[in-house]
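Note: the block below is work31.pdb and it holds PDB, C-alpha atoms.
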ATOM      1  CA  MET A   1      47.424 -44.043  72.271
ATOM      2  CA  LYS A   2      48.958 -42.129  69.426
ATOM      3  CA  GLN A   3      45.852 -42.735  67.344
ATOM      4  CA  GLN A   4      43.596 -41.265  70.061
ATOM      5  CA  HIS A   5      45.705 -38.121  70.262
ATOM      6  CA  SER A   6      45.387 -37.620  66.497
ATOM      7  CA  ILE A   7      41.600 -37.990  66.685
ATOM      8  CA  PHE A   8      41.446 -35.421  69.532
ATOM      9  CA  SER A   9      43.557 -32.917  67.611
ATOM     10  CA  PHE A  10      41.416 -33.371  64.510
ATOM     11  CA  SER A  11      38.248 -32.796  66.564
ATOM     12  CA  MET A  12      39.598 -29.567  68.059
ATOM     13  CA  LEU A  13      40.528 -28.356  64.592
ATOM     14  CA  LEU A  14      36.985 -28.932  63.341
ATOM     15  CA  LEU A  15      35.538 -27.066  66.340
ATOM     16  CA  SER A  16      37.878 -24.123  65.678
ATOM     17  CA  ILE A  17      36.858 -23.973  62.005
ATOM     18  CA  CYS A  18      33.157 -24.069  62.915
ATOM     19  CA  TYR A  19      33.586 -21.256  65.463
ATOM     20  CA  ILE A  20      35.456 -19.055  63.000
ATOM     21  CA  ASN A  21      32.776 -19.542  60.309
ATOM     22  CA  THR A  22      29.966 -18.742  62.754
ATOM     23  CA  PHE A  23      31.656 -15.522  63.949
ATOM     24  CA  ALA A  24      32.318 -14.381  60.400
ATOM     25  CA  GLN A  25      28.702 -14.863  59.366
ATOM     26  CA  SER A  26      27.156 -12.929  62.341
ATOM     27  CA  PRO A  27      26.071  -9.274  61.380
ATOM     28  CA  THR A  28      28.079  -6.347  62.737
ATOM     29  CA  ALA A  29      26.148  -4.256  65.275
ATOM     30  CA  ALA A  30      24.931  -0.972  63.695
ATOM     31  CA  PRO A  31      25.879   2.260  65.489
ATOM     32  CA  ALA A  32      23.057   4.007  67.392
ATOM     33  CA  GLN A  33      21.384   6.819  65.390
ATOM     34  CA  ALA A  34      20.291  10.201  66.876
ATOM     35  CA  PRO A  35      16.527  10.876  66.850
ATOM     36  CA  ALA A  36      15.287  12.954  63.904
ATOM     37  CA  VAL A  37      14.791  16.670  64.628
ATOM     38  CA  ILE A  38      11.388  18.038  63.579
ATOM     39  CA  VAL A  39      11.428  21.761  62.628
ATOM     40  CA  ALA A  40       8.146  23.545  63.149
ATOM     41  CA  GLN A  41       7.120  25.692  60.194
ATOM     42  CA  PRO A  42       5.577  29.138  60.848
ATOM     43  CA  PRO A  43       1.939  29.516  59.792
ATOM     44  CA  VAL A  44       1.426  31.002  56.343
ATOM     45  CA  ALA A  45      -0.364  34.355  56.331
ATOM     46  CA  THR A  46      -3.633  34.515  54.409
ATOM     47  CA  PRO A  47      -4.104  37.248  51.772
ATOM     48  CA  THR A  48      -6.314  39.369  54.068
ATOM     49  CA  GLN A  49      -4.286  38.794  57.223
ATOM     50  CA  ALA A  50      -0.653  39.797  56.936
ATOM     51  CA  ALA A  51       1.809  38.320  59.393
ATOM     52  CA  ALA A  52       2.670  40.749  62.208
ATOM     53  CA  PRO A  53       6.070  40.673  63.920
ATOM     54  CA  HIS A  54       6.100  38.983  67.332
ATOM     55  CA  GLY A  55       2.321  38.600  67.271
ATOM     56  CA  ILE A  56       1.679  42.374  67.473
ATOM     57  CA  THR A  57      -0.408  44.058  64.767
ATOM     58  CA  ASN A  58       1.692  46.595  62.887
ATOM     59  CA  VAL A  59      -0.292  48.837  60.547
ATOM     60  CA  THR A  60       2.655  50.108  58.492
ATOM     61  CA  LYS A  61       3.956  46.565  57.942
ATOM     62  CA  ILE A  62       0.522  45.524  56.691
ATOM     63  CA  LEU A  63       0.358  48.501  54.315
ATOM     64  CA  GLU A  64       3.899  47.865  53.062
ATOM     65  CA  LYS A  65       3.017  44.255  52.318
ATOM     66  CA  ALA A  66      -0.155  45.299  50.461
ATOM     67  CA  GLY A  67       1.720  47.903  48.387
ATOM     68  CA  HIS A  68       0.675  51.263  46.859
ATOM     69  CA  PHE A  69       0.401  53.101  50.214
ATOM     70  CA  THR A  70       3.816  54.809  50.247
ATOM     71  CA  ILE A  71       2.585  58.358  50.909
ATOM     72  CA  PHE A  72       0.130  57.341  53.627
ATOM     73  CA  ILE A  73       2.867  55.323  55.359
ATOM     74  CA  ARG A  74       5.183  58.342  55.169
ATOM     75  CA  LEU A  75       2.518  60.503  56.818
ATOM     76  CA  LEU A  76       1.938  57.911  59.545
ATOM     77  CA  ARG A  77       5.626  57.973  60.400
ATOM     78  CA  SER A  78       6.311  61.717  60.093
ATOM     79  CA  THR A  79       3.350  62.600  62.329
ATOM     80  CA  GLN A  80       4.156  59.857  64.897
ATOM     81  CA  GLU A  81       0.621  58.477  64.409
ATOM     82  CA  GLU A  82       2.236  55.107  63.657
ATOM     83  CA  ASN A  83       3.143  54.869  67.355
ATOM     84  CA  HIS A  84      -0.361  55.900  68.429
ATOM     85  CA  LEU A  85      -1.857  53.144  66.275
ATOM     86  CA  PHE A  86       0.568  50.616  67.730
ATOM     87  CA  SER A  87      -0.379  51.591  71.296
ATOM     88  CA  ALA A  88      -4.120  51.708  70.607
ATOM     89  CA  LEU A  89      -4.205  48.266  69.008
ATOM     90  CA  ASN A  90      -2.452  46.712  71.984
ATOM     91  CA  ASP A  91      -4.228  48.654  74.740
ATOM     92  CA  SER A  92      -7.773  49.050  73.416
ATOM     93  CA  SER A  93     -10.487  46.416  73.295
ATOM     94  CA  SER A  94     -12.734  48.321  70.849
ATOM     95  CA  GLY A  95     -10.340  48.008  67.908
ATOM     96  CA  LEU A  96      -9.784  50.415  65.011
ATOM     97  CA  THR A  97     -10.988  51.047  61.472
ATOM     98  CA  ILE A  98      -8.629  52.770  59.035
ATOM     99  CA  PHE A  99      -9.551  54.254  55.655
ATOM    100  CA  ALA A 100      -6.212  54.110  53.826
ATOM    101  CA  PRO A 101      -5.811  56.371  50.751
ATOM    102  CA  SER A 102      -3.740  54.809  47.998
ATOM    103  CA  ASP A 103      -0.866  56.613  46.287
ATOM    104  CA  SER A 104      -3.176  57.349  43.347
ATOM    105  CA  ALA A 105      -5.582  59.049  45.770
ATOM    106  CA  PHE A 106      -2.862  61.469  46.865
ATOM    107  CA  SER A 107      -1.899  62.093  43.243
ATOM    108  CA  GLU A 108      -5.353  63.610  42.663
ATOM    109  CA  LEU A 109      -4.661  66.388  45.166
ATOM    110  CA  LYS A 110      -3.506  69.738  43.883
ATOM    111  CA  SER A 111       0.267  69.793  43.503
ATOM    112  CA  GLY A 112       1.998  70.856  46.719
ATOM    113  CA  THR A 113      -1.080  70.438  48.896
ATOM    114  CA  LEU A 114       0.660  68.395  51.582
ATOM    115  CA  ASN A 115       3.654  70.751  51.637
ATOM    116  CA  THR A 116       1.404  73.683  52.530
ATOM    117  CA  LEU A 117       0.055  71.946  55.635
ATOM    118  CA  SER A 118       1.516  72.520  59.068
ATOM    119  CA  ASP A 119       2.624  69.562  61.191
ATOM    120  CA  GLY A 120      -0.575  69.895  63.199
ATOM    121  CA  ASP A 121      -2.739  69.834  60.058
ATOM    122  CA  LYS A 122      -0.921  66.750  58.755
ATOM    123  CA  SER A 123      -1.544  64.969  62.047
ATOM    124  CA  GLU A 124      -5.225  65.936  61.937
ATOM    125  CA  LEU A 125      -5.483  64.718  58.331
ATOM    126  CA  VAL A 126      -4.161  61.270  59.317
ATOM    127  CA  LYS A 127      -6.420  61.094  62.393
ATOM    128  CA  PHE A 128      -9.427  61.927  60.201
ATOM    129  CA  HIS A 129      -8.881  58.555  58.481
ATOM    130  CA  VAL A 130      -9.012  56.548  61.750
ATOM    131  CA  VAL A 131     -12.278  55.501  63.437
ATOM    132  CA  PRO A 132     -11.736  54.423  67.077
ATOM    133  CA  THR A 133     -13.751  51.215  66.782
ATOM    134  CA  PHE A 134     -13.670  48.077  64.650
ATOM    135  CA  LEU A 135     -16.227  48.138  61.813
ATOM    136  CA  SER A 136     -16.820  45.248  59.461
ATOM    137  CA  THR A 137     -18.425  45.925  56.088
ATOM    138  CA  SER A 138     -21.738  44.557  57.378
ATOM    139  CA  GLN A 139     -21.702  47.035  60.271
ATOM    140  CA  PHE A 140     -21.695  49.978  57.863
ATOM    141  CA  GLN A 141     -25.376  49.220  57.250
ATOM    142  CA  THR A 142     -26.343  50.090  60.827
ATOM    143  CA  VAL A 143     -23.654  52.570  61.893
ATOM    144  CA  SER A 144     -24.770  55.986  63.155
ATOM    145  CA  ASN A 145     -23.625  59.039  61.211
ATOM    146  CA  PRO A 146     -21.584  61.112  61.454
ATOM    147  CA  LEU A 147     -18.756  58.804  62.506
ATOM    148  CA  GLY A 148     -16.400  60.014  65.188
ATOM    149  CA  THR A 149     -12.731  59.911  64.219
ATOM    150  CA  TRP A 150      -9.453  60.446  66.031
ATOM    151  CA  ALA A 151      -9.573  64.020  64.712
ATOM    152  CA  GLY A 152     -12.782  64.662  66.666
ATOM    153  CA  THR A 153     -16.400  65.430  65.823
ATOM    154  CA  GLY A 154     -18.465  68.454  64.949
ATOM    155  CA  SER A 155     -19.705  70.452  61.995
ATOM    156  CA  ARG A 156     -16.177  70.948  60.643
ATOM    157  CA  LEU A 157     -15.214  67.251  60.935
ATOM    158  CA  PRO A 158     -18.156  65.329  59.455
ATOM    159  CA  LEU A 159     -17.580  61.779  58.179
ATOM    160  CA  ASN A 160     -20.614  59.903  56.881
ATOM    161  CA  VAL A 161     -20.805  56.348  55.552
ATOM    162  CA  THR A 162     -23.752  55.113  53.492
ATOM    163  CA  SER A 163     -24.078  51.425  52.705
ATOM    164  CA  TYR A 164     -25.538  50.196  49.417
ATOM    165  CA  PRO A 165     -26.062  46.597  48.244
ATOM    166  CA  ASN A 166     -22.709  46.465  46.465
ATOM    167  CA  SER A 167     -20.754  49.418  47.853
ATOM    168  CA  GLU A 168     -20.097  51.743  50.773
ATOM    169  CA  ASN A 169     -20.003  55.471  50.094
ATOM    170  CA  ILE A 170     -18.005  57.934  52.243
ATOM    171  CA  THR A 171     -18.548  61.695  52.307
ATOM    172  CA  THR A 172     -16.933  64.550  54.248
ATOM    173  CA  GLY A 173     -18.638  67.560  52.701
ATOM    174  CA  LEU A 174     -15.560  68.040  50.496
ATOM    175  CA  THR A 175     -14.814  64.429  49.450
ATOM    176  CA  ASN A 176     -17.116  61.812  47.981
ATOM    177  CA  THR A 177     -15.616  58.334  47.490
ATOM    178  CA  SER A 178     -16.235  54.612  48.017
ATOM    179  CA  LEU A 179     -14.371  51.701  49.537
ATOM    180  CA  SER A 180     -12.352  50.041  46.788
ATOM    181  CA  GLY A 181     -11.206  46.968  48.721
ATOM    182  CA  THR A 182     -10.301  45.378  52.036
ATOM    183  CA  VAL A 183      -6.582  45.508  52.817
ATOM    184  CA  TYR A 184      -6.733  43.715  56.175
ATOM    185  CA  THR A 185      -9.351  42.551  58.644
ATOM    186  CA  ASP A 186      -9.522  40.564  61.858
ATOM    187  CA  ASN A 187     -11.609  40.977  64.995
ATOM    188  CA  GLN A 188      -9.675  44.054  66.121
ATOM    189  CA  LEU A 189      -8.474  45.942  63.053
ATOM    190  CA  ALA A 190     -10.028  46.707  59.682
ATOM    191  CA  ILE A 191      -8.136  48.548  56.923
ATOM    192  CA  TYR A 192     -10.086  49.602  53.840
ATOM    193  CA  LYS A 193      -8.576  51.023  50.659
ATOM    194  CA  ILE A 194     -10.021  54.264  49.287
ATOM    195  CA  GLU A 195      -9.185  56.099  46.054
ATOM    196  CA  LYS A 196      -9.579  59.653  47.371
ATOM    197  CA  VAL A 197      -8.065  61.410  50.370
ATOM    198  CA  LEU A 198     -10.716  62.298  52.953
ATOM    199  CA  LEU A 199     -10.489  66.079  53.292
ATOM    200  CA  PRO A 200     -11.867  67.526  56.541
ATOM    201  CA  LYS A 201     -13.578  70.902  56.378
ATOM    202  CA  ASP A 202     -11.602  72.004  59.410
ATOM    203  CA  ILE A 203      -8.449  72.145  57.265
ATOM    204  CA  PHE A 204      -9.502  72.547  53.639
ATOM    205  CA  ALA A 205     -12.757  74.548  53.767
ATOM    206  CA  SER A 206     -12.346  78.300  53.654
ATOM    207  CA  LYS A 207     -12.994  79.658  57.096
ATOM    208  CA  ALA A 208     -15.084  82.814  57.353
ATOM    209  CA  PRO A 209     -12.830  85.706  58.355
ATOM    210  CA  ALA A 210     -13.531  87.367  61.653
ATOM    211  CA  PRO A 211     -15.529  90.585  61.242
ATOM    212  CA  ALA A 212     -13.335  93.660  61.209
ATOM    213  CA  PRO A 213     -13.864  96.066  64.102
ATOM    214  CA  VAL A 214     -16.184  98.940  63.180
ATOM    215  CA  ALA A 215     -14.310 102.223  63.194
ATOM    216  CA  PRO A 216     -16.132 105.177  64.781
ATOM    217  CA  ALA A 217     -17.620 107.615  62.269
ATOM    218  CA  PRO A 218     -15.379 110.660  61.814
ATOM    219  CA  GLU A 219     -16.778 113.872  63.297
ATOM    220  CA  LYS A 220     -17.771 116.523  60.804
ATOM    221  CA  PRO A 221     -15.381 119.451  61.015
ATOM    222  CA  THR A 222     -16.895 122.615  62.479
ATOM    223  CA  LYS A 223     -17.132 125.394  59.920
ATOM    224  CA  ALA A 224     -15.182 128.423  60.981
ATOM    225  CA  VAL A 225     -17.236 131.614  60.941
ATOM    226  CA  PRO A 226     -15.454 134.853  59.943
ATOM    227  CA  ALA A 227     -15.051 137.289  62.747
ATOM    228  CA  GLY A 228     -17.014 139.990  60.888
ATOM    229  CA  ASN A 229     -20.087 137.772  60.638
ATOM    230  CA  VAL A 230     -20.146 136.857  64.257
ATOM    231  CA  GLU A 231     -23.024 138.643  65.961
ATOM    232  CA  SER A 232     -22.118 139.980  69.328
ATOM    233  CA  PRO A 233     -24.751 139.624  71.987
ATOM    234  CA  VAL A 234     -27.036 142.712  72.208
ATOM    235  CA  ALA A 235     -27.839 144.024  75.642
ATOM    236  CA  PRO A 236     -31.555 144.672  76.184
ATOM    237  CA  VAL A 237     -32.497 148.402  75.925
ATOM    238  CA  ASP A 238     -35.066 149.946  78.202
ATOM    239  CA  ILE A 239     -37.337 152.122  75.911
ATOM    240  CA  SER A 240     -40.155 152.723  78.357
ATOM    241  CA  SER A 241     -39.036 156.287  79.125
ATOM    242  CA  ALA A 242     -38.798 157.136  75.445
ATOM    243  CA  VAL A 243     -42.314 155.859  74.836
ATOM    244  CA  THR A 244     -43.633 157.942  77.727
ATOM    245  CA  PHE A 245     -41.861 161.033  76.384
ATOM    246  CA  MET A 246     -43.321 160.573  72.906
ATOM    247  CA  HIS A 247     -46.775 160.020  74.337
ATOM    248  CA  ASN A 248     -46.646 163.244  76.320
ATOM    249  CA  ASN A 249     -45.421 165.221  73.306
ATOM    250  CA  VAL A 250     -48.228 163.884  71.096
ATOM    251  CA  VAL A 251     -50.845 164.691  73.676
ATOM    252  CA  GLY A 252     -49.452 168.178  74.173
ATOM    253  CA  SER A 253     -49.437 168.820  70.448
ATOM    254  CA  LEU A 254     -53.021 167.734  70.080
ATOM    255  CA  VAL A 255     -54.107 170.018  72.935
ATOM    256  CA  THR A 256     -52.325 172.936  71.337
ATOM    257  CA  VAL A 257     -53.955 172.303  67.953
ATOM    258  CA  ALA A 258     -57.383 171.996  69.525
ATOM    259  CA  ALA A 259     -57.013 175.288  71.449
ATOM    260  CA  ALA A 260     -55.966 177.144  68.294
ATOM    261  CA  MET A 261     -58.908 175.863  66.346
ATOM    262  CA  PHE A 262     -61.265 176.844  69.147
ATOM    263  CA  ALA A 263     -59.924 180.454  69.220
ATOM    264  CA  PHE A 264     -60.247 180.737  65.442
ATOM    265  CA  THR A 265     -63.823 179.667  65.584
ATOM    266  CA  VAL A 266     -64.759 182.231  68.300
ATOM    267  CA  GLU A 267     -63.226 185.135  66.365
ATOM    268  CA  GLY A 268     -65.182 184.250  63.318
ATOM    269  CA  PHE A 269     -68.434 184.708  65.111
TER     270      PHE A 269
END
Taking this structure as input, can you express it in the form of C-alpha cells?
Amino acid sequence: MKQQHSIFSFSMLLLSICYINTFAQSPTAAPAQAPAVIVAQPPVATPTQAAAPHGITNVTKILEKAGHFTIFIRLLRSTQEENHLFSALNDSSSGLTIFAPSDSAFSELKSGTLNTLSDGDKSELVKFHVVPTFLSTSQFQTVSNPLGTWAGTGSRLPLNVTSYPNSENITTGLTNTSLSGTVYTDNQLAIYKIEKVLLPKDIFASKAPAPAPVAPAPEKPTKAVPAGNVESPVAPVDISSAVTFMHNNVVGSLVTVAAAMFAFTVEGF
C-alpha cells in the first residue's frame, strides 16, 4: 500500500513538470495593432498649371508663382480688377485671355508714366490687357481682328493679333510686340507673357483739341466827320419865275434895239 502511494505521488509530480514545461514554451499573445493610416498627398501642379486655392482659379496667385509680374499684380489690386477677374472666371463659361506685361515691359515706359494716370485710366489700361474669351495659341490663326477687350472696342481701342508660323504679333497702333511665353493655360484661362505694355490710343494718343469758338469780327469804327464838313440838306429853290423874268427882259431889249435900228434906217433915206 505504501509503495502504491509513492508511485501515485511520483506520477503526479511528472504530470506537473510536463504541464509547467508546456506552458512555458507556448508563445505570448501579441497585442492587437491599430490599422495603418494612409495620408492622401495633394496633386503636384504642372509647370503651366499653378495650383489654385480651394479649386478656384486665382490670377494674382498664378502670376506671383510665375514671378516677374510685380507691377502688373499691383495694378490688378489697386484698380480692383483682381476681384473682377475672380468673379468672371467663376461665373463665365467663355473664359478669359490675359496678356500680362512683365516688370521689364513696364520699365520701358517713360519714367512716371503710371503716376500721371488717373484711377480711371489705370483701370482702363488693365482692362485693355484682358480679352473676354479663352484663346489658345492655335486660335490666334483664325481670330477676327480687332479683338474686343474689357476696355471696349472702337477706333481708339484697337487690338490686333497676327499669327505667324513661330510667333504671334500684337499691335495697338501705339505698341508692337509679340507673345514671349505661356504663363498659364487650361480650358478656361490663358495667360500670355508680353515684353511691352499694350498702350491704348484712348489714353496715350494725343486727342485733337475741340475747335475754339469763332469770335465775331469786330465792327469797323465809324469815322467822325467834323461839323464844318457836314453838308446841311439844301431845300429845293423854285427858279421858274426868275427864268420868266429874264426871258421877258431879253425879248423887250431885242424889240427896243430893232425899233431903233429901223428908225435910223428911215432917216437915212
Just want the 8 Å neighbourhood of range 79-96 of chain A, counted on all atoms listed in the file, with same-chain residues fewer than 5 positions away dropped. Output as a ChimeraX atom specification.
/A:56-60,119,122-123,126-127,130-135,187-190
Written as number ranges by chain, what is the full residue list that the PyMOL selection byres ((chain A and resi 164) around 12) yields on the file shown?
A: 137-142, 161-163, 165-170, 178-179
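The coordinates place CA of Tyr192 in chain A at 26.7 Å from CA of Thr116 in chain A.
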Give me the result of the PyMOL selection byres ((chain A and resi 159) around 6) on this file, residue by residue, as a PyMOL selection string.
chain A and resi 146-147+158+160+171-172
Would you compute the distance between CA of Thr149 in chain A and CA of Leu63 in chain A? Give it in Å to one decimal.
20.0 Å
Would you please work out which residue, of A:Ala100, A:Val183, A:Val143, A:Leu174, is nearest to Glu195 in chain A when using all atoms listed in the file?
A:Ala100
Please indicate the distance in Å from CA of Leu157 in chain A to CA of Thr185 in chain A, rounded to one decimal place.
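These two atoms are separated by 25.5 Å.
Residues matched by the PyMOL selection byres ((chain A and resi 106) around 12) in this structure: His68, Phe69, Thr70, Ile71, Phe72, Ile73, Arg74, Leu75, Ala100, Pro101, Ser102, Asp103, Ser104, Ala105, Ser107, Glu108, Leu109, Lys110, Ser111, Gly112, Thr113, Leu114, Ile194, Glu195, Lys196, Val197, Leu198 and Leu199 of chain A.
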